[in-house]
$ cat work.cif   # mmCIF, C-alpha atoms
data_upload
#
loop_
_atom_site.group_PDB
_atom_site.id
_atom_site.type_symbol
_atom_site.label_atom_id
_atom_site.label_comp_id
_atom_site.auth_asym_id
_atom_site.auth_seq_id
_atom_site.Cartn_x
_atom_site.Cartn_y
_atom_site.Cartn_z
ATOM 1 C CA MET Z 240 -1.021 -5.587 19.722
ATOM 2 C CA TRP Z 241 0.708 -3.279 17.239
ATOM 3 C CA LEU Z 242 -0.656 -0.381 15.233
ATOM 4 C CA VAL Z 243 1.066 0.109 11.869
ATOM 5 C CA VAL Z 244 0.156 3.446 10.262
ATOM 6 C CA GLY Z 245 0.770 4.282 6.617
ATOM 7 C CA LEU Z 246 0.741 8.009 5.865
ATOM 8 C CA GLY Z 247 -0.679 9.520 2.677
ATOM 9 C CA ASN Z 248 -3.548 11.515 1.223
ATOM 10 C CA PRO Z 249 -6.897 9.897 0.352
ATOM 11 C CA GLY Z 250 -8.380 9.784 -3.152
ATOM 12 C CA GLY Z 251 -7.308 8.649 -6.594
ATOM 13 C CA LYS Z 252 -5.716 11.998 -7.399
ATOM 14 C CA TYR Z 253 -2.979 11.328 -4.824
ATOM 15 C CA ALA Z 254 -2.737 7.529 -5.054
ATOM 16 C CA ASN Z 255 0.608 7.368 -6.867
ATOM 17 C CA ASN Z 256 2.203 10.480 -5.326
ATOM 18 C CA ARG Z 257 5.592 10.195 -3.632
ATOM 19 C CA HIS Z 258 3.889 11.539 -0.492
ATOM 20 C CA ASN Z 259 1.732 8.380 -0.476
ATOM 21 C CA ILE Z 260 4.537 5.828 -0.170
ATOM 22 C CA GLY Z 261 3.323 5.165 3.400
ATOM 23 C CA PHE Z 262 -0.103 4.114 2.078
ATOM 24 C CA MET Z 263 1.627 1.893 -0.495
ATOM 25 C CA ALA Z 264 3.729 0.183 2.189
ATOM 26 C CA ALA Z 265 0.634 -0.323 4.372
ATOM 27 C CA ASP Z 266 -1.245 -1.895 1.448
ATOM 28 C CA GLU Z 267 1.666 -4.238 0.762
ATOM 29 C CA ILE Z 268 1.794 -5.415 4.408
ATOM 30 C CA VAL Z 269 -1.948 -6.163 4.290
ATOM 31 C CA ARG Z 270 -1.508 -8.063 0.998
ATOM 32 C CA ARG Z 271 1.581 -10.009 1.968
ATOM 33 C CA HIS Z 272 0.276 -11.156 5.332
ATOM 34 C CA SER Z 273 -3.284 -11.932 4.149
ATOM 35 C CA PHE Z 274 -5.038 -9.461 6.460
ATOM 36 C CA GLY Z 275 -8.791 -9.027 6.413
ATOM 37 C CA PRO Z 276 -10.215 -6.319 4.125
ATOM 38 C CA PHE Z 277 -9.901 -2.630 4.971
ATOM 39 C CA ARG Z 278 -12.953 -1.100 6.601
ATOM 40 C CA SER Z 279 -13.775 2.500 7.491
ATOM 41 C CA LYS Z 280 -13.134 3.302 11.154
ATOM 42 C CA PHE Z 281 -11.235 5.839 13.299
ATOM 43 C CA LEU Z 282 -11.311 8.518 10.555
ATOM 44 C CA GLY Z 283 -9.406 6.094 8.369
ATOM 45 C CA GLU Z 284 -9.285 2.642 6.820
ATOM 46 C CA ILE Z 285 -8.198 -0.201 9.065
ATOM 47 C CA ALA Z 286 -7.331 -3.853 8.437
ATOM 48 C CA GLU Z 287 -6.535 -6.575 10.972
ATOM 49 C CA GLY Z 288 -4.189 -9.531 10.789
ATOM 50 C CA THR Z 289 -1.109 -11.141 12.288
ATOM 51 C CA VAL Z 290 2.564 -10.668 11.507
ATOM 52 C CA GLY Z 291 5.143 -12.969 13.060
ATOM 53 C CA GLY Z 292 2.557 -14.225 15.547
ATOM 54 C CA GLU Z 293 1.701 -10.677 16.715
ATOM 55 C CA LYS Z 294 -1.763 -9.169 16.271
ATOM 56 C CA VAL Z 295 -1.427 -6.115 14.042
ATOM 57 C CA LEU Z 296 -3.787 -3.350 12.943
ATOM 58 C CA VAL Z 297 -2.865 -1.480 9.779
ATOM 59 C CA LEU Z 298 -4.334 2.036 9.581
ATOM 60 C CA LYS Z 299 -4.451 4.490 6.679
ATOM 61 C CA PRO Z 300 -5.764 7.846 7.989
ATOM 62 C CA MET Z 301 -8.298 9.409 5.613
ATOM 63 C CA THR Z 302 -7.977 12.874 7.177
ATOM 64 C CA PHE Z 303 -5.317 14.143 4.741
ATOM 65 C CA MET Z 304 -1.685 14.084 5.757
ATOM 66 C CA ASN Z 305 -1.640 17.217 7.933
ATOM 67 C CA ASP Z 306 -4.312 15.844 10.267
ATOM 68 C CA SER Z 307 -3.163 12.195 10.471
ATOM 69 C CA GLY Z 308 -2.717 12.346 14.249
ATOM 70 C CA ARG Z 309 -6.462 12.499 14.927
ATOM 71 C CA SER Z 310 -7.014 9.146 13.230
ATOM 72 C CA VAL Z 311 -4.012 7.558 14.959
ATOM 73 C CA LYS Z 312 -5.186 8.861 18.343
ATOM 74 C CA GLU Z 313 -8.699 7.417 17.885
ATOM 75 C CA ALA Z 314 -7.408 3.946 16.971
ATOM 76 C CA ALA Z 315 -4.699 3.901 19.661
ATOM 77 C CA THR Z 316 -7.133 5.055 22.356
ATOM 78 C CA PHE Z 317 -9.793 2.512 21.397
ATOM 79 C CA TYR Z 318 -7.353 -0.424 21.451
ATOM 80 C CA LYS Z 319 -5.240 0.967 24.335
ATOM 81 C CA ILE Z 320 -2.062 0.848 22.222
ATOM 82 C CA ALA Z 321 0.968 2.654 23.674
ATOM 83 C CA PRO Z 322 2.996 5.015 21.430
ATOM 84 C CA GLU Z 323 5.950 2.583 21.656
ATOM 85 C CA ASP Z 324 3.772 -0.018 19.863
ATOM 86 C CA ILE Z 325 2.908 2.271 16.941
ATOM 87 C CA VAL Z 326 4.932 2.051 13.720
ATOM 88 C CA VAL Z 327 4.492 4.909 11.217
ATOM 89 C CA LEU Z 328 5.480 4.385 7.567
ATOM 90 C CA HIS Z 329 6.184 7.682 5.811
ATOM 91 C CA ASP Z 330 8.001 9.427 2.964
ATOM 92 C CA GLU Z 331 11.401 10.908 3.782
ATOM 93 C CA LEU Z 332 12.925 13.748 1.732
ATOM 94 C CA ASP Z 333 16.310 13.495 3.447
ATOM 95 C CA LEU Z 334 16.963 9.937 2.260
ATOM 96 C CA ALA Z 335 17.848 8.999 -1.312
ATOM 97 C CA PRO Z 336 15.150 7.109 -3.271
ATOM 98 C CA GLY Z 337 15.033 3.482 -2.133
ATOM 99 C CA LYS Z 338 16.912 4.079 1.124
ATOM 100 C CA MET Z 339 15.145 3.260 4.387
ATOM 101 C CA ARG Z 340 15.857 3.980 8.051
ATOM 102 C CA VAL Z 341 14.128 3.190 11.338
ATOM 103 C CA LYS Z 342 13.936 5.827 14.046
ATOM 104 C CA ARG Z 343 12.409 5.518 17.514
ATOM 105 C CA GLY Z 344 11.299 8.753 19.159
ATOM 106 C CA GLY Z 345 12.803 12.170 18.454
ATOM 107 C CA GLY Z 346 11.605 15.117 16.383
ATOM 108 C CA HIS Z 347 9.287 15.239 13.375
ATOM 109 C CA ALA Z 348 11.798 17.070 11.111
ATOM 110 C CA GLY Z 349 9.045 19.252 9.673
ATOM 111 C CA HIS Z 350 7.032 16.361 8.216
ATOM 112 C CA ASN Z 351 3.396 17.472 8.519
ATOM 113 C CA GLY Z 352 2.010 13.987 9.080
ATOM 114 C CA LEU Z 353 4.492 13.305 11.877
ATOM 115 C CA ARG Z 354 3.908 16.765 13.340
ATOM 116 C CA SER Z 355 0.205 15.924 13.677
ATOM 117 C CA ILE Z 356 0.981 12.555 15.300
ATOM 118 C CA HIS Z 357 3.364 14.305 17.720
ATOM 119 C CA GLN Z 358 0.566 16.688 18.739
ATOM 120 C CA HIS Z 359 -1.842 13.838 19.486
ATOM 121 C CA MET Z 360 0.448 11.016 20.655
ATOM 122 C CA GLY Z 361 3.807 12.512 21.665
ATOM 123 C CA PRO Z 362 7.152 11.511 20.087
ATOM 124 C CA ASP Z 363 7.670 7.950 21.370
ATOM 125 C CA TYR Z 364 6.453 5.984 18.339
ATOM 126 C CA VAL Z 365 8.553 4.143 15.741
ATOM 127 C CA ARG Z 366 9.082 5.657 12.277
ATOM 128 C CA VAL Z 367 10.016 3.733 9.154
ATOM 129 C CA ARG Z 368 11.460 6.470 6.928
ATOM 130 C CA LEU Z 369 11.091 5.614 3.235
ATOM 131 C CA GLY Z 370 13.426 7.699 1.072
ATOM 132 C CA ILE Z 371 11.975 9.606 -1.877
ATOM 133 C CA GLY Z 372 14.909 11.998 -2.392
ATOM 134 C CA HIS Z 373 14.993 15.787 -2.227
ATOM 135 C CA PRO Z 374 14.414 18.030 -5.259
ATOM 136 C CA GLY Z 375 17.380 20.175 -4.192
ATOM 137 C CA ASP Z 376 15.435 23.370 -3.546
ATOM 138 C CA LYS Z 377 13.033 23.813 -0.635
ATOM 139 C CA ASP Z 378 10.655 25.818 -2.855
ATOM 140 C CA ARG Z 379 10.187 22.713 -5.018
ATOM 141 C CA VAL Z 380 9.443 20.296 -2.158
ATOM 142 C CA THR Z 381 5.633 20.504 -2.362
ATOM 143 C CA GLY Z 382 5.627 19.833 -6.096
ATOM 144 C CA HIS Z 383 8.090 16.964 -5.582
ATOM 145 C CA VAL Z 384 6.130 15.108 -2.901
ATOM 146 C CA LEU Z 385 2.762 15.619 -4.640
ATOM 147 C CA LYS Z 386 4.066 14.314 -7.961
ATOM 148 C CA ASP Z 387 3.545 10.710 -9.051
ATOM 149 C CA PHE Z 388 6.430 8.269 -8.996
ATOM 150 C CA ALA Z 389 8.058 7.996 -12.425
ATOM 151 C CA LYS Z 390 8.071 4.718 -14.337
ATOM 152 C CA ALA Z 391 11.805 4.351 -13.673
ATOM 153 C CA ASP Z 392 11.160 4.583 -9.913
ATOM 154 C CA GLN Z 393 9.401 1.201 -10.002
ATOM 155 C CA ASP Z 394 12.839 -0.450 -10.220
ATOM 156 C CA TRP Z 395 13.528 0.455 -6.574
ATOM 157 C CA LEU Z 396 10.003 1.165 -5.295
ATOM 158 C CA VAL Z 397 8.562 -2.329 -5.812
ATOM 159 C CA PRO Z 398 11.497 -4.153 -4.148
ATOM 160 C CA LEU Z 399 11.467 -1.617 -1.290
ATOM 161 C CA LEU Z 400 7.760 -2.106 -0.550
ATOM 162 C CA ASP Z 401 8.098 -5.894 -0.832
ATOM 163 C CA ALA Z 402 11.069 -5.983 1.537
ATOM 164 C CA VAL Z 403 9.433 -3.703 4.112
ATOM 165 C CA ALA Z 404 6.289 -5.854 4.111
ATOM 166 C CA ASP Z 405 8.226 -9.134 4.295
ATOM 167 C CA ASN Z 406 10.416 -8.050 7.210
ATOM 168 C CA ILE Z 407 8.238 -5.670 9.262
ATOM 169 C CA ASP Z 408 8.121 -8.274 12.079
ATOM 170 C CA LEU Z 409 11.779 -7.428 12.812
ATOM 171 C CA VAL Z 410 10.758 -3.880 13.776
ATOM 172 C CA MET Z 411 8.191 -5.263 16.208
ATOM 173 C CA ALA Z 412 10.892 -7.514 17.662
ATOM 174 C CA GLY Z 413 13.137 -4.463 18.192
ATOM 175 C CA LYS Z 414 15.649 -5.720 15.607
ATOM 176 C CA ASP Z 415 15.959 -2.442 13.695
ATOM 177 C CA PRO Z 416 19.509 -3.059 12.340
ATOM 178 C CA ASP Z 417 18.469 -6.488 10.990
ATOM 179 C CA PHE Z 418 15.403 -4.941 9.360
ATOM 180 C CA MET Z 419 17.434 -2.189 7.686
ATOM 181 C CA THR Z 420 20.041 -4.701 6.479
ATOM 182 C CA ARG Z 421 17.421 -7.065 5.012
ATOM 183 C CA VAL Z 422 15.666 -4.259 3.163
ATOM 184 C CA ALA Z 423 18.952 -2.813 1.852
ATOM 185 C CA GLN Z 424 20.005 -6.234 0.550
ATOM 186 C CA VAL Z 425 16.781 -6.567 -1.443
ATOM 187 C CA VAL Z 426 16.775 -3.021 -2.837
ATOM 188 C CA SER Z 427 20.534 -3.002 -3.600
ATOM 189 C CA PRO Z 428 21.539 -6.656 -3.997
ATOM 190 C CA PRO Z 429 25.283 -7.272 -3.612
ATOM 191 C CA ARG Z 430 27.104 -7.246 -6.951
ATOM 192 C CA SER Z 431 28.216 -10.703 -8.033
ATOM 193 C CA SER Z 432 31.334 -9.306 -9.752
ATOM 194 C CA ASN Z 433 32.770 -6.236 -8.077
ATOM 195 C CA ASN Z 434 35.897 -6.424 -10.234
ATOM 196 C CA LYS Z 435 34.073 -6.142 -13.551
ATOM 197 C CA LYS Z 436 35.712 -2.810 -14.411
ATOM 198 C CA GLU Z 437 39.197 -4.244 -13.916
ATOM 199 C CA ASN Z 438 38.417 -7.010 -16.411
ATOM 200 C CA ASP Z 439 36.971 -4.716 -19.085
#
$ encode --input "work.cif" --output "structure tokens"
Amino acid sequence: MWLVVGLGNPGGKYANNRHNIGFMAADEIVRRHSFGPFRSKFLGEIAEGTVGGEKVLVLKPMTFMNDSGRSVKEAATFYKIAPEDIVVLHDELDLAPGKMRVKRGGGHAGHNGLRSIHQHMGPDYVRVRLGIGHPGDKDRVTGHVLKDFAKADQDWLVPLLDAVADNIDLVMAGKDPDFMTRVAQVVSPPRSSNNKKEND
């Protein structure tokens, strides 16, 4: 059994924030794979289903981002899920918008949601880092992550969430490079005519 955790802040006020891209990805996985409805449990909302023949629980902690680890710990303890079988979907300032990387283990890089999960579960879980870009100045980071996605962002955001949901089974199979390639191909499809400029 796998536990897939989307990170974000609860409530309508935060629903479309960049910081909530983890919640958005979790919702898309539940939609795409026809999971059961979310229900309140483990200080969060949880839905059950199967992905690629594997039983999967999708969790959205309702504790606010900085305390996400408590919710993850409760669910993981109840179902006896090892950290290695936990996938965390979260926003990533250090990746350009629409870029995505998978990381297994390591540090939390100052991300408050990951810091909380580290405190409760240790570092050995899988992270799916969803790029939202950096505002360029560390003093503007809070305003950046707590701001809604712009209309123009939908051009990369929707394909990114679709591709992550469609291919998340590759992460569970340990095929991280294949997963990253599939997602990149959807978000940045190969140009059909690379020599267009030469012909202009």
$ closest_residue --input "work.cif" --among "Z:Leu385, Z:Met240, Z:Val341, Z:Met304" --to "Z:Lys414" --atoms "all atoms listed in the file"
Z:Val341
$ atom_distance --input "work.cif" --atom1 "atom CA of Z:Met339" --atom2 "atom CA of Z:Val327"
12.8 Å
$ residues_around --input "work.cif" --residues "Z:Asp392" --least-positions-apart "6" --cutoff "10 Å" --atoms "all atoms listed in the file" --output "PyMOL selection string"
chain Z and resi 336-337+371
$ residues_near_point --input "work.cif" --point "(9.5, 20.9, -1.3)" --cutoff "12 Å" --atoms "only C-alpha atoms" --output "PyMOL selection string"
chain Z and resi 257-258+331-333+349-350+371-386
$ resolve_selection --input "work.cif" --expression "the PyMOL selection byres ((chain Z and resi 357) around 12)" --output "JSON, numbers by chain"
{"Z": [305, 306, 307, 308, 309, 311, 312, 322, 327, 344, 345, 346, 347, 348, 349, 350, 351, 352, 353, 354, 355, 356, 358, 359, 360, 361, 362, 363, 364, 365, 366]}
$ residues_around --input "work.cif" --residues "stretch 259-266 of chain Z" --least-positions-apart "5" --cutoff "6 Å" --atoms "only C-alpha atoms" --output "PyMOL selection string"
chain Z and resi 245-247+328-330+400
$ atom_distance --input "work.cif" --atom1 "atom CA of Z:Met301" --atom2 "atom CA of Z:Asn248"
6.8 Å
$ closest_residue --input "work.cif" --among "Z:Ala321, Z:Val244, Z:Val397, Z:Val326" --to "Z:Ala412" --atoms "only C-alpha atoms"
Z:Val326
$ closest_residue --input "work.cif" --among "Z:Phe388, Z:Asp324, Z:Arg421, Z:Lys342" --to "Z:Asp405" --atoms "only C-alpha atoms"
Z:Arg421
